Structures are given as C-alpha cells and as structure tokens.
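Visitor: Dropping the structure in here first, questions after.
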Amino acid sequence: RPLLSPPNAQSPGTALHFHFHLRFHLRMFLCAVGLLGILVARAQALRMSIGARGDFVSALSAAISEAEQIPREAIQLSAGRAGFGGGGGASVGTYKDEARGVRYFVKSGGLNSFEMLRAEYSGLKDLEASGGIRVPRPIAYGTSDNNAFAIFEHLEFCGGGDGREMGRLLAETHRYTSEDNRYGWHMDNTIGATPQPNGWLDSWADFWIERRLKHMLRLAGSASVGDEDALIEKTRELLNDHEPEPSILHGDLWGGNAGYVKAEDGVDPVIYDPATYFGDRETDIAMTYLFGGFGSSFYQGYEETWPLPEGHEKRRVIYNLYHILNHYVLFGGGYMQQARGMASQIMKM
C-alpha cells in the first residue's frame, strides 16, 4: 500500500507508525529546503564575488588601456599572487597581461583609500621626474564599483646591488627641487597609515615645526615627550638659520623601502612606498640611520656626489624624532620612551 496511506482508526500501532513517518519525512523535507537555501545564497554570493572581481579586473584593464594607449580588447589580465602590504595597509597583488606577457603590481583598498593611493602614484611620478634613482613606474590609478587602486610597474627584486651607486643616484634625485623654492607638496599624503600634511610654506623651520613636529605631537595625544613648548622653541632655534634647498624627498626611507631589481644591463637600485614632499634632503639620509640597512658604501656614494652640510649630525636627531613619534602613533609600546630620550638630546644642543 502507499507509504503514507491513512491509518486504520482501530489500530493505535498503525497510527503511531504513520505519524512517525510523517514527522520524519517532514523533517527531511525542511532540511532539504534549508540546504537548498544555503546553496542558493552561496551561489548568489559567489556570482556577486566573481562579478565584483570581474568589475575590478575590467577597471584595471581600462586604466592600463588609457595610460599606455593600448586597445582595451588587446589586454587580457589574469590575477597572480595577492596579499597585504604597503603603506596604509593596502592590499597588494600582481596581474599579468597574458596577451603581451607584461606584469603589473597593483595596490588596492576600499574607496576611502583613493586619496592615499593617488598620492603614492603622484609621489612616484615626481620622484621619477628627477631622473635619479629608479622607482616603480607609476602607470595609473582609479576606482571600480567598490575599490580604489593604483597600478605600478612590476619589479623583480634581487641581491647583488651596489650601495655606492644607490647613494650616488639618491643624491641626484635630491637635486630635483620645487619650482618656487618653497617647502611642501601639492597634496597631503600618508606616512605608513598616518596622515601627513604638506601645505606649502616659505620657511623650512616653519614647515618642520608646523607640518611635522606639532602635527605628530598632536597625534600622540596625552603621551608627552616632556615640555612640548620648550621642545618646539628649541627646534626653531636650531633650524632658523638652516635654509636647505627644497629637494624632492622619498620621505619614508628606511631599509624596507629600498632594494635592488633586475635590469636589462644588470642590477638597479630602487626606492618605493614613498611619503613624498619637497624639503631638506638631510631628512631622507637621517632616516636611513634610524633602523639600519644601508652600508658605508651608500653614504660614501652620496657624499661623493653631493656632500651634506655642516651640522647634519645634530639635525639628524631632530628629523628622526618625527619618525619615532609616528611609530608610537602607529604601534605604541616603547617608542614614546625613545622619543623622550631624543627630545632630551635636542634640548641639550
């Protein structure tokens, strides 16, 4: 007889058996409906993810097409390795144009990271224009529906570079100065994930105090290096008679932002991930001492090309205080104690 035929009313066992089977099959039916709902939701999410990914790749392709004057239909991008890195916590990844065999390095983030990525693109443009040390060629920047991005030349890093050549080429980069002999830059940017104001000023002492020292002291909040007013006045006293040429600067030149890459004729030194502005070239050199990574040949090459002026050793502490305060803002911990020690050194100069 049918599996769920009505039970005989005079047979309690048969009725119980019928209701058991009814509940069992109803439960199986509900489970199946629930599973189907989950599968449908996952399929929809996957389609949306693939669609968003497709939109992102399409936006990258359009930006490359416009920047490099290549027909859009001739570009066939495929995604390579991806991860997190770079200033501001951007996502990074490599993409390859399968049609031409050309690789690109892409930084991306939410739409709120657009200005940060545009500033990095523009900073590398200015550093590239100096004709000095190599930087990743900036190619394009833009947005897709949900992401901002910047596209750069893909570099193949290697060992065996010449530190002396790196120093010499950095000095050549520093010879590129602002058009109106002022300090600052045409846009604000970031140093790591920290906002960095760059509004133009005529005086180097004013710029360093207003755009760098005071700014970072404000960000440090209630943590104090001591008598901040006294520190500011002492810094002004030490910088008042120092009027450097407003050189194009990397701005965040520690060992992790410099290296060597394969080139057609050997190995090129390269710098990347900048926090660009026009200022005292000594600030770049000062930061190379902060965390190490630059050998004696680097400094020899720089000095042979453009020697640093008298007093740069003292000013090194002034300039590196900014970076240590920034590390406190970003990471906390023992950096404030280090900053206090540096402030004490400055007060004794």
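Ligands are numbered from 1 in the order shown, chains are lettered A, B, ... in the order of the structure tokens, and residues start at 1 in each chain.
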Residues within 12 Å of A:Gly259, please, as a list in words. Count only C-alpha atoms; anything in the same chain fewer than 5 positions from it doesn't count.
Guide: Ile133, Arg134, Val135, Pro136, Leu155, Glu156, Phe157, Cys158, Gly159, Gly160, Gly161, Asp162, Gly163, Glu165, Met166, Gly167, Leu253, Trp254, Val267, Asp268, Pro269, Val270, Ile271, Tyr272, Asp273, Gly293, Phe294 and Phe298 of chain A
Visitor: Can you tell me, as a ChimeraX atom specification, which residues in stretch 102-233 of chain A count as helix (DSSP H, G or I) by DSSP?
Guide: /A:111-129,163-174,204-220,228-233
Visitor: For A:Ala59, find every residue with an atom within 10 Å (counting only C-alpha atoms), except residues of its own chain fewer than 4 positions away, and show them as a list in words.
Guide: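 Once the adjacent positions are removed, what remains is Arg53, Gly54, Asp55, Ala63, Ile64, Ser65, Tyr141, Gly142, Thr143, Ser144, Asp145, Asn147, Ala148 and Phe149 of chain A.
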Visitor: Include N, CA and C atoms and write out the residues we just selected as an mmCIF file, in the first residue's frame.
Guide:
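Output (part_15.cif):
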data_model
loop_
_atom_site.group_PDB
_atom_site.id
_atom_site.type_symbol
_atom_site.label_atom_id
_atom_site.label_comp_id
_atom_site.auth_asym_id
_atom_site.auth_seq_id
_atom_site.Cartn_x
_atom_site.Cartn_y
_atom_site.Cartn_z
ATOM 1 N N ARG A 53 34.850 40.837 -8.811
ATOM 2 C CA ARG A 53 36.222 40.597 -9.273
ATOM 3 C C ARG A 53 36.349 40.953 -10.743
ATOM 4 N N GLY A 54 35.332 40.559 -11.516
ATOM 5 C CA GLY A 54 35.355 40.889 -12.937
ATOM 6 C C GLY A 54 35.318 42.383 -13.171
ATOM 7 N N ASP A 55 34.506 43.093 -12.372
ATOM 8 C CA ASP A 55 34.439 44.553 -12.487
ATOM 9 C C ASP A 55 35.783 45.186 -12.154
ATOM 10 N N ALA A 63 42.053 51.191 -17.194
ATOM 11 C CA ALA A 63 43.053 52.175 -16.769
ATOM 12 C C ALA A 63 44.374 51.960 -17.487
ATOM 13 N N ILE A 64 44.787 50.701 -17.633
ATOM 14 C CA ILE A 64 46.028 50.390 -18.358
ATOM 15 C C ILE A 64 45.894 50.782 -19.825
ATOM 16 N N SER A 65 44.737 50.477 -20.404
ATOM 17 C CA SER A 65 44.492 50.816 -21.809
ATOM 18 C C SER A 65 44.653 52.310 -22.049
ATOM 19 N N TYR A 141 45.870 55.142 -11.842
ATOM 20 C CA TYR A 141 45.099 54.967 -10.610
ATOM 21 C C TYR A 141 43.632 55.187 -10.957
ATOM 22 N N GLY A 142 42.755 54.696 -10.107
ATOM 23 C CA GLY A 142 41.330 54.867 -10.397
ATOM 24 C C GLY A 142 40.476 54.114 -9.404
ATOM 25 N N THR A 143 39.224 53.876 -9.790
ATOM 26 C CA THR A 143 38.276 53.161 -8.935
ATOM 27 C C THR A 143 37.462 52.185 -9.769
ATOM 28 N N SER A 144 37.006 51.127 -9.107
ATOM 29 C CA SER A 144 35.947 50.275 -9.649
ATOM 30 C C SER A 144 34.706 50.569 -8.801
ATOM 31 N N ASP A 145 33.714 49.694 -8.838
ATOM 32 C CA ASP A 145 32.495 49.974 -8.068
ATOM 33 C C ASP A 145 32.767 50.070 -6.576
ATOM 34 N N ASN A 147 36.201 49.549 -5.077
ATOM 35 C CA ASN A 147 37.614 49.619 -4.736
ATOM 36 C C ASN A 147 38.304 50.801 -5.389
ATOM 37 N N ALA A 148 39.351 51.278 -4.707
ATOM 38 C CA ALA A 148 40.297 52.209 -5.319
ATOM 39 C C ALA A 148 41.575 51.427 -5.603
ATOM 40 N N PHE A 149 42.329 51.862 -6.591
ATOM 41 C CA PHE A 149 43.537 51.123 -6.944
ATOM 42 C C PHE A 149 44.585 52.051 -7.539
#
Visitor: Could you tell me which of A:Glu245, A:Arg164, A:Ile191, A:Glu153 comes closest to A:Gly295 if we count only C-alpha atoms?
Guide: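 That would be A:Arg164, the residue with the smallest distance to A:Gly295.
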Visitor: For the atom pair atom CA of A:Trp200 and atom CA of A:Arg236, what is the interatomic distance in Å to one decimal place?
Guide: 17.6 Å
Visitor: Measure the distance from atom CA of A:Lys96 to atom CA of A:Ile75 in Å and round it to one decimal.
Guide: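 Pair atom CA of A:Lys96 / atom CA of A:Ile75 returns 9.4 Å.
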Visitor: Using only C-alpha atoms, which of A:Trp185, A:Phe56, A:Trp306, A:Tyr322 sits nearest A:Arg168?
Guide: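 Once distances to A:Arg168 are computed over only C-alpha atoms, the minimum belongs to A:Trp306.
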Visitor: Which of these residues is nearest to A:Glu282, using only C-alpha atoms: A:Leu231, A:Ile151, A:Leu170, A:Met347?
Guide: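 Under the stated criterion, the closest residue is A:Leu170.
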Visitor: With distances taken over only C-alpha atoms, which of A:Gly101, A:Pro138, A:Gly109, A:Gly199 is nearest to A:Ala67?
Guide: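 Answer, going by the shortest atom-to-atom distance: A:Pro138.
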Visitor: Considering only C-alpha atoms, return as a count of residues only whatever protein or nucleic-acid residues lie within 10 Å of A:Thr190, sequence-local ones (same chain, fewer than 6 positions apart) excluded.
Guide: 15
Visitor: Figure out the distance between atom CA of A:Val225 and atom CA of A:Gly333, please, to one decimal in Å.
Guide: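 Spanning atom CA of A:Gly333 to atom CA of A:Val225 is a straight-line distance of 14.0 Å.
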Visitor: Please, which residues of stretch 73-237 of chain A, numbered as in this document, come out strand (DSSP E or B) from DSSP, as an MDAnalysis selection string?
Guide: chainID A and resid 77:84 91:97 102:110 134 138:143 147:153 157 177 183:184 189:191 194:196 201
